[in-house]
Amino acid sequence: MNSVADIWDNVITQLKSDLSETTVSTWFDQVEPVDVQGNTFVLYCPNDFKTSYIKKLFMKNIQARLFDIFSTEFDVSILDEAAYADIQGTTPTQSPDQFISDEFTFSNFVVGPQNQLAYAASCNVAEKPAKTYNPLFIYGESGLGKTHLLYAIANGMKKNNAAVKIAYVKGDDLTNELVTAIREGKTAQMREKYRQADLLLVDDIQFIAGKQQTQEEFFHTFNTLYENKKQIVLTSDRPPKEMSQLEDRLRTRFEWGLLADVYPPDFETRMAIIQNKAAMHGMDLPERIICFIAENVTSNVRQIEGTINKILAYKDLLGDDADEVTVTRAIQDILKRASEYMPSPDDIVDYCSKYFNQEPDVIRGQQRVRDAVSTRHIAIYLIRTMTNLSLEDIGKYFDNRDHSTVLYSIKEVEKKIKKDAAYAEMIKEIKTNIAAQQ
Ligand SMILES: Nc1ncnc2c1ncn2[C@@H]1O[C@H](COP(=O)(O)OP(=O)(O)OP(=O)(O)O)[C@@H](O)[C@H]1O
């Protein structure tokens, strides 16, 4: 046994007897040996979640096995994608093989009322590209399956035609790629790469908004593909009309095909997703545990996956049958993060005070200066939407105003949100920042 791969095979075999077969295949399936540098055994794992778990839970086991083999102490380092690319002298690229995977397919996507439209449209696009919905624009919050559907479309099209040319890129990478291409005089190659695709997938297209040159390039790429009857699928965290810095000519094009939104899953869909994910890991969770998770982890599917992974790790390590106690212990921090944070009215006014550079007393008081009035409206609106204070209570907090004045402020903000996309964006940003202060 002399290659790094042989050593690692040996470590894995030993780990399977220390831990269990399932634990090893769950946590180590993406780990690859890279090198031995002095007394450090170097591994690579593209999955940060698994890396942090391995570091937390299995490092000692790996070191013990290396000690058995070499009779000397070894450090273990696990490279992430960027560090691995660095030592390889390459930048990470999307291998076309990622699409020929069982991980992101239509068959393992759980369909509920919240994603039915996006799912049906994606299936249609995979079967009949560039026929009915072009572009397909899927939008919704993070962790709700947009990327999964993108990959499923690619998988579906590959299955029907192995020679299909697929280009996948993230919106934020487009700008970096363009900057590099311009610097290196390779814009023609970059154009070629995207414009010769049969299927162009852009994940998180919202990131190109406001980037003038990227939008210009993308506009021409879009036109070329569209005119050549090639399929375009875009995902975003918001619909085109809410992308305030997006050029109008792109906004209208994004709306040419179908806009399909995805919402957080309801209780029944969450139950089905949990069952499905647990089964994929060979776990048969009792109904009451599935209910317990579905009741407590509500915001997105990524969180549900994290919960299942944690239960799996606990179950294997502690050798327990999963019961509420084990599950609660395993998912404590997830529950804490998922529980709705409710800011106090002071938190909201303090944030508005910093954001708009006005004293909290002025925001809450009676001054009729224009800026103070508009900040007051916003603070009132935020308190109404982010806390459970009644109109009366809010009125009292704002220097004893009556509830109809409070209602008027709320309506003013709502009207402006509908009319003015930049204003809507600003309110969203303030809300996100206040919620992030917890
Ligand atoms: N309906 C579903 N059925 C099965 N798995 C799902 C479903 N929705 C999401 N997932 C899984 O949840 C995880 C997160 O989903 P995904 O990455 O597609 O989210 P996203 O909407 O693209 O989020 P982001 O905007 O943060 O990139 C993935 O592993 C995906 O397979």
# chains A, B, ... in the order shown; residues from 1 in each chain; ligands from 1

call {"tool": "residues_near_ligand", "arguments": {"ligand": "ligand 1", "cutoff": "6 Å", "atoms": "only C-alpha atoms and all ligand atoms", "output": "MDAnalysis selection string"}}
result
chainID A and resid 104 108:111 142:148 273 301:302

call {"tool": "write_last_selection", "arguments": {"atoms": "C-alpha atoms", "output": "short mmCIF file (atom, residue, chain, number, x, y, z; two decimals), in the first residue's frame"}}
result
data_model
loop_
_atom_site.label_atom_id
_atom_site.label_comp_id
_atom_site.auth_asym_id
_atom_site.auth_seq_id
_atom_site.Cartn_x
_atom_site.Cartn_y
_atom_site.Cartn_z
CA PHE A 104 -31.45 16.55 -8.32
CA ASN A 108 -36.99 13.13 -5.96
CA PHE A 109 -38.58 16.56 -5.97
CA VAL A 110 -41.59 16.61 -3.65
CA VAL A 111 -44.46 18.51 -5.22
CA SER A 142 -33.75 30.74 -0.53
CA GLY A 143 -33.73 26.96 -0.05
CA LEU A 144 -37.05 26.25 -1.75
CA GLY A 145 -35.82 24.10 -4.62
CA LYS A 146 -35.10 26.53 -7.47
CA THR A 147 -31.63 25.14 -8.13
CA HIS A 148 -32.95 21.61 -7.72
CA ILE A 273 -40.17 15.98 2.13
CA VAL A 301 -36.27 22.76 2.62
CA ARG A 302 -32.56 23.33 3.13
#

call {"tool": "residues_around", "arguments": {"residues": "Lys277 (chain A)", "least_positions_apart": "2", "cutoff": "10 Å", "atoms": "only C-alpha atoms", "output": "compact mmCIF listing (two decimals) with C-alpha atoms, in the first residue's frame"}}
result
# COMPACT_ATOMS: atom_id res chain seq x y z
CA ASN A 108 -36.99 13.13 -5.96
CA VAL A 110 -41.59 16.61 -3.65
CA ALA A 272 -43.58 14.32 2.56
CA ILE A 273 -40.17 15.98 2.13
CA ILE A 274 -38.97 14.71 5.53
CA GLN A 275 -40.14 11.18 4.75
CA ALA A 279 -35.71 7.33 3.18
CA MET A 280 -32.90 8.52 0.91
CA HIS A 281 -30.56 8.06 3.89
CA GLY A 282 -32.01 4.64 4.68
CA MET A 283 -33.79 5.99 7.78
CA ILE A 304 -35.26 20.33 6.74
CA GLU A 305 -32.30 18.63 5.07
CA ILE A 308 -32.30 15.11 8.81
CA ASN A 309 -28.51 15.12 8.52

call {"tool": "residues_around", "arguments": {"residues": "region 260-264 of chain A", "least_positions_apart": "3", "cutoff": "8 Å", "atoms": "only C-alpha atoms", "output": "PyMOL selection string"}}
result
chain A and resi 114-115+117-118+121+136-141+144-146+298-301

call {"tool": "write_last_selection", "arguments": {"atoms": "C-alpha atoms", "output": "JSON list (two decimals), in the first residue's frame"}}
result
[["chain", "number", "residue", "atom", "x", "y", "z"],
["A", 114, "GLN", "CA", -46.37, 25.89, -3.33],
["A", 115, "ASN", "CA", -44.13, 24.61, -6.11],
["A", 117, "LEU", "CA", -46.49, 25.49, -11.15],
["A", 118, "ALA", "CA", -42.69, 25.70, -11.17],
["A", 121, "ALA", "CA", -43.34, 24.11, -16.12],
["A", 136, "LEU", "CA", -38.83, 29.98, -17.72],
["A", 137, "PHE", "CA", -38.29, 32.29, -14.77],
["A", 138, "ILE", "CA", -38.50, 30.60, -11.34],
["A", 139, "TYR", "CA", -38.44, 32.85, -8.30],
["A", 140, "GLY", "CA", -38.81, 32.57, -4.56],
["A", 141, "GLU", "CA", -36.90, 32.66, -1.29],
["A", 144, "LEU", "CA", -37.05, 26.25, -1.75],
["A", 145, "GLY", "CA", -35.82, 24.10, -4.62],
["A", 146, "LYS", "CA", -35.10, 26.53, -7.47],
["A", 298, "THR", "CA", -40.99, 25.46, 8.82],
["A", 299, "SER", "CA", -39.06, 27.98, 6.81],
["A", 300, "ASN", "CA", -37.33, 26.13, 3.99],
["A", 301, "VAL", "CA", -36.27, 22.76, 2.62]]

call {"tool": "residues_around", "arguments": {"residues": "region 206-219 of chain A", "least_positions_apart": "5", "cutoff": "6 Å", "atoms": "only C-alpha atoms", "output": "compact mmCIF listing (two decimals) with C-alpha atoms, in the first residue's frame"}}
result
# COMPACT_ATOMS: atom_id res chain seq x y z
CA GLY A 171 -25.62 35.36 -11.74
CA ASP A 172 -22.80 36.64 -9.52
CA THR A 175 -19.78 39.49 -13.79
CA SER A 236 -34.12 34.62 -8.83
CA GLN A 245 -31.90 48.08 -11.02
CA LEU A 246 -32.58 45.73 -13.90

call {"tool": "residues_around", "arguments": {"residues": "Tyr351 (chain A)", "least_positions_apart": "2", "cutoff": "12 Å", "atoms": "only C-alpha atoms", "output": "JSON, numbers by chain"}}
result
{"A": [343, 344, 345, 346, 347, 348, 349, 353, 354, 355, 356, 357, 358, 359, 360, 363, 375, 378, 379, 382, 383, 429, 430, 431, 432, 433, 434, 435, 436, 437]}

call {"tool": "write_last_selection", "arguments": {"atoms": "N, CA and C atoms", "output": "PDB file, in the first residue's frame"}}
result
ATOM      1  N   PRO A 343     -38.506  41.881  16.835  1.00  0.00           N
ATOM      2  CA  PRO A 343     -37.795  43.032  17.388  1.00  0.00           C
ATOM      3  C   PRO A 343     -38.744  43.870  18.247  1.00  0.00           C
ATOM      4  N   SER A 344     -38.192  44.688  19.141  1.00  0.00           N
ATOM      5  CA  SER A 344     -39.045  45.591  19.927  1.00  0.00           C
ATOM      6  C   SER A 344     -39.232  46.870  19.109  1.00  0.00           C
ATOM      7  N   PRO A 345     -40.251  47.691  19.445  1.00  0.00           N
ATOM      8  CA  PRO A 345     -40.423  48.966  18.725  1.00  0.00           C
ATOM      9  C   PRO A 345     -39.155  49.825  18.840  1.00  0.00           C
ATOM     10  N   ASP A 346     -38.473  49.751  20.010  1.00  0.00           N
ATOM     11  CA  ASP A 346     -37.221  50.524  20.149  1.00  0.00           C
ATOM     12  C   ASP A 346     -36.173  50.067  19.151  1.00  0.00           C
ATOM     13  N   ASP A 347     -36.061  48.709  18.973  1.00  0.00           N
ATOM     14  CA  ASP A 347     -35.080  48.194  18.000  1.00  0.00           C
ATOM     15  C   ASP A 347     -35.349  48.791  16.623  1.00  0.00           C
ATOM     16  N   ILE A 348     -36.636  48.833  16.269  1.00  0.00           N
ATOM     17  CA  ILE A 348     -37.005  49.295  14.928  1.00  0.00           C
ATOM     18  C   ILE A 348     -36.726  50.792  14.766  1.00  0.00           C
ATOM     19  N   VAL A 349     -37.144  51.560  15.779  1.00  0.00           N
ATOM     20  CA  VAL A 349     -36.916  53.013  15.673  1.00  0.00           C
ATOM     21  C   VAL A 349     -35.414  53.314  15.704  1.00  0.00           C
ATOM     22  N   SER A 353     -33.471  55.245  12.895  1.00  0.00           N
ATOM     23  CA  SER A 353     -32.744  56.447  13.258  1.00  0.00           C
ATOM     24  C   SER A 353     -31.351  56.439  12.623  1.00  0.00           C
ATOM     25  N   LYS A 354     -30.704  55.273  12.686  1.00  0.00           N
ATOM     26  CA  LYS A 354     -29.357  55.188  12.086  1.00  0.00           C
ATOM     27  C   LYS A 354     -29.459  55.240  10.559  1.00  0.00           C
ATOM     28  N   TYR A 355     -30.429  54.524  10.023  1.00  0.00           N
ATOM     29  CA  TYR A 355     -30.550  54.413   8.562  1.00  0.00           C
ATOM     30  C   TYR A 355     -30.836  55.781   7.918  1.00  0.00           C
ATOM     31  N   PHE A 356     -31.775  56.554   8.571  1.00  0.00           N
ATOM     32  CA  PHE A 356     -32.173  57.828   7.958  1.00  0.00           C
ATOM     33  C   PHE A 356     -31.502  59.029   8.618  1.00  0.00           C
ATOM     34  N   ASN A 357     -30.614  58.724   9.582  1.00  0.00           N
ATOM     35  CA  ASN A 357     -29.895  59.779  10.271  1.00  0.00           C
ATOM     36  C   ASN A 357     -30.833  60.800  10.929  1.00  0.00           C
ATOM     37  N   GLN A 358     -31.774  60.306  11.696  1.00  0.00           N
ATOM     38  CA  GLN A 358     -32.686  61.188  12.440  1.00  0.00           C
ATOM     39  C   GLN A 358     -32.801  60.686  13.870  1.00  0.00           C
ATOM     40  N   GLU A 359     -32.957  61.608  14.801  1.00  0.00           N
ATOM     41  CA  GLU A 359     -33.027  61.223  16.213  1.00  0.00           C
ATOM     42  C   GLU A 359     -34.295  60.400  16.489  1.00  0.00           C
ATOM     43  N   PRO A 360     -34.196  59.367  17.355  1.00  0.00           N
ATOM     44  CA  PRO A 360     -35.394  58.585  17.691  1.00  0.00           C
ATOM     45  C   PRO A 360     -36.543  59.467  18.197  1.00  0.00           C
ATOM     46  N   ILE A 363     -38.331  60.988  15.342  1.00  0.00           N
ATOM     47  CA  ILE A 363     -39.156  59.997  14.613  1.00  0.00           C
ATOM     48  C   ILE A 363     -40.466  59.750  15.370  1.00  0.00           C
ATOM     49  N   THR A 375     -39.986  59.101   7.527  1.00  0.00           N
ATOM     50  CA  THR A 375     -39.329  58.081   8.354  1.00  0.00           C
ATOM     51  C   THR A 375     -40.318  57.533   9.388  1.00  0.00           C
ATOM     52  N   ILE A 378     -42.528  54.997   7.887  1.00  0.00           N
ATOM     53  CA  ILE A 378     -41.819  53.716   7.686  1.00  0.00           C
ATOM     54  C   ILE A 378     -41.684  52.966   9.014  1.00  0.00           C
ATOM     55  N   ALA A 379     -41.299  53.691  10.059  1.00  0.00           N
ATOM     56  CA  ALA A 379     -41.116  53.036  11.369  1.00  0.00           C
ATOM     57  C   ALA A 379     -42.449  52.431  11.839  1.00  0.00           C
ATOM     58  N   LEU A 382     -43.152  49.326   9.828  1.00  0.00           N
ATOM     59  CA  LEU A 382     -42.294  48.192  10.218  1.00  0.00           C
ATOM     60  C   LEU A 382     -42.757  47.616  11.556  1.00  0.00           C
ATOM     61  N   ILE A 383     -43.136  48.471  12.477  1.00  0.00           N
ATOM     62  CA  ILE A 383     -43.582  47.966  13.783  1.00  0.00           C
ATOM     63  C   ILE A 383     -44.863  47.141  13.600  1.00  0.00           C
ATOM     64  N   GLU A 429     -34.896  45.775   2.440  1.00  0.00           N
ATOM     65  CA  GLU A 429     -33.525  45.765   2.982  1.00  0.00           C
ATOM     66  C   GLU A 429     -33.540  46.127   4.476  1.00  0.00           C
ATOM     67  N   ILE A 430     -34.308  47.165   4.829  1.00  0.00           N
ATOM     68  CA  ILE A 430     -34.346  47.582   6.242  1.00  0.00           C
ATOM     69  C   ILE A 430     -34.900  46.441   7.091  1.00  0.00           C
ATOM     70  N   LYS A 431     -35.964  45.807   6.591  1.00  0.00           N
ATOM     71  CA  LYS A 431     -36.573  44.699   7.346  1.00  0.00           C
ATOM     72  C   LYS A 431     -35.569  43.574   7.566  1.00  0.00           C
ATOM     73  N   THR A 432     -34.876  43.214   6.470  1.00  0.00           N
ATOM     74  CA  THR A 432     -33.896  42.117   6.561  1.00  0.00           C
ATOM     75  C   THR A 432     -32.827  42.473   7.590  1.00  0.00           C
ATOM     76  N   ASN A 433     -32.367  43.719   7.543  1.00  0.00           N
ATOM     77  CA  ASN A 433     -31.294  44.105   8.463  1.00  0.00           C
ATOM     78  C   ASN A 433     -31.762  44.112   9.913  1.00  0.00           C
ATOM     79  N   ILE A 434     -32.992  44.545  10.138  1.00  0.00           N
ATOM     80  CA  ILE A 434     -33.491  44.530  11.520  1.00  0.00           C
ATOM     81  C   ILE A 434     -33.607  43.078  11.999  1.00  0.00           C
ATOM     82  N   ALA A 435     -34.145  42.218  11.127  1.00  0.00           N
ATOM     83  CA  ALA A 435     -34.321  40.808  11.518  1.00  0.00           C
ATOM     84  C   ALA A 435     -32.972  40.143  11.773  1.00  0.00           C
ATOM     85  N   ALA A 436     -31.937  40.608  11.071  1.00  0.00           N
ATOM     86  CA  ALA A 436     -30.611  39.981  11.221  1.00  0.00           C
ATOM     87  C   ALA A 436     -29.915  40.415  12.510  1.00  0.00           C
ATOM     88  N   GLN A 437     -30.507  41.391  13.219  1.00  0.00           N
ATOM     89  CA  GLN A 437     -29.843  41.893  14.430  1.00  0.00           C
ATOM     90  C   GLN A 437     -30.038  41.008  15.646  1.00  0.00           C
TER      91      GLN A 437
END

call {"tool": "atom_distance", "arguments": {"atom1": "CA of Met59 (chain A)", "atom2": "CA of Asp35 (chain A)"}}
result
16.9 Å

call {"tool": "residues_around", "arguments": {"residues": "Phe49 (chain A)", "least_positions_apart": "3", "cutoff": "10 Å", "atoms": "only C-alpha atoms", "output": "list of chain:residue names"}}
result
A:Trp27, A:Cys45, A:Pro46, A:Ser52, A:Tyr53, A:Ile54, A:Gly306, A:Asn309
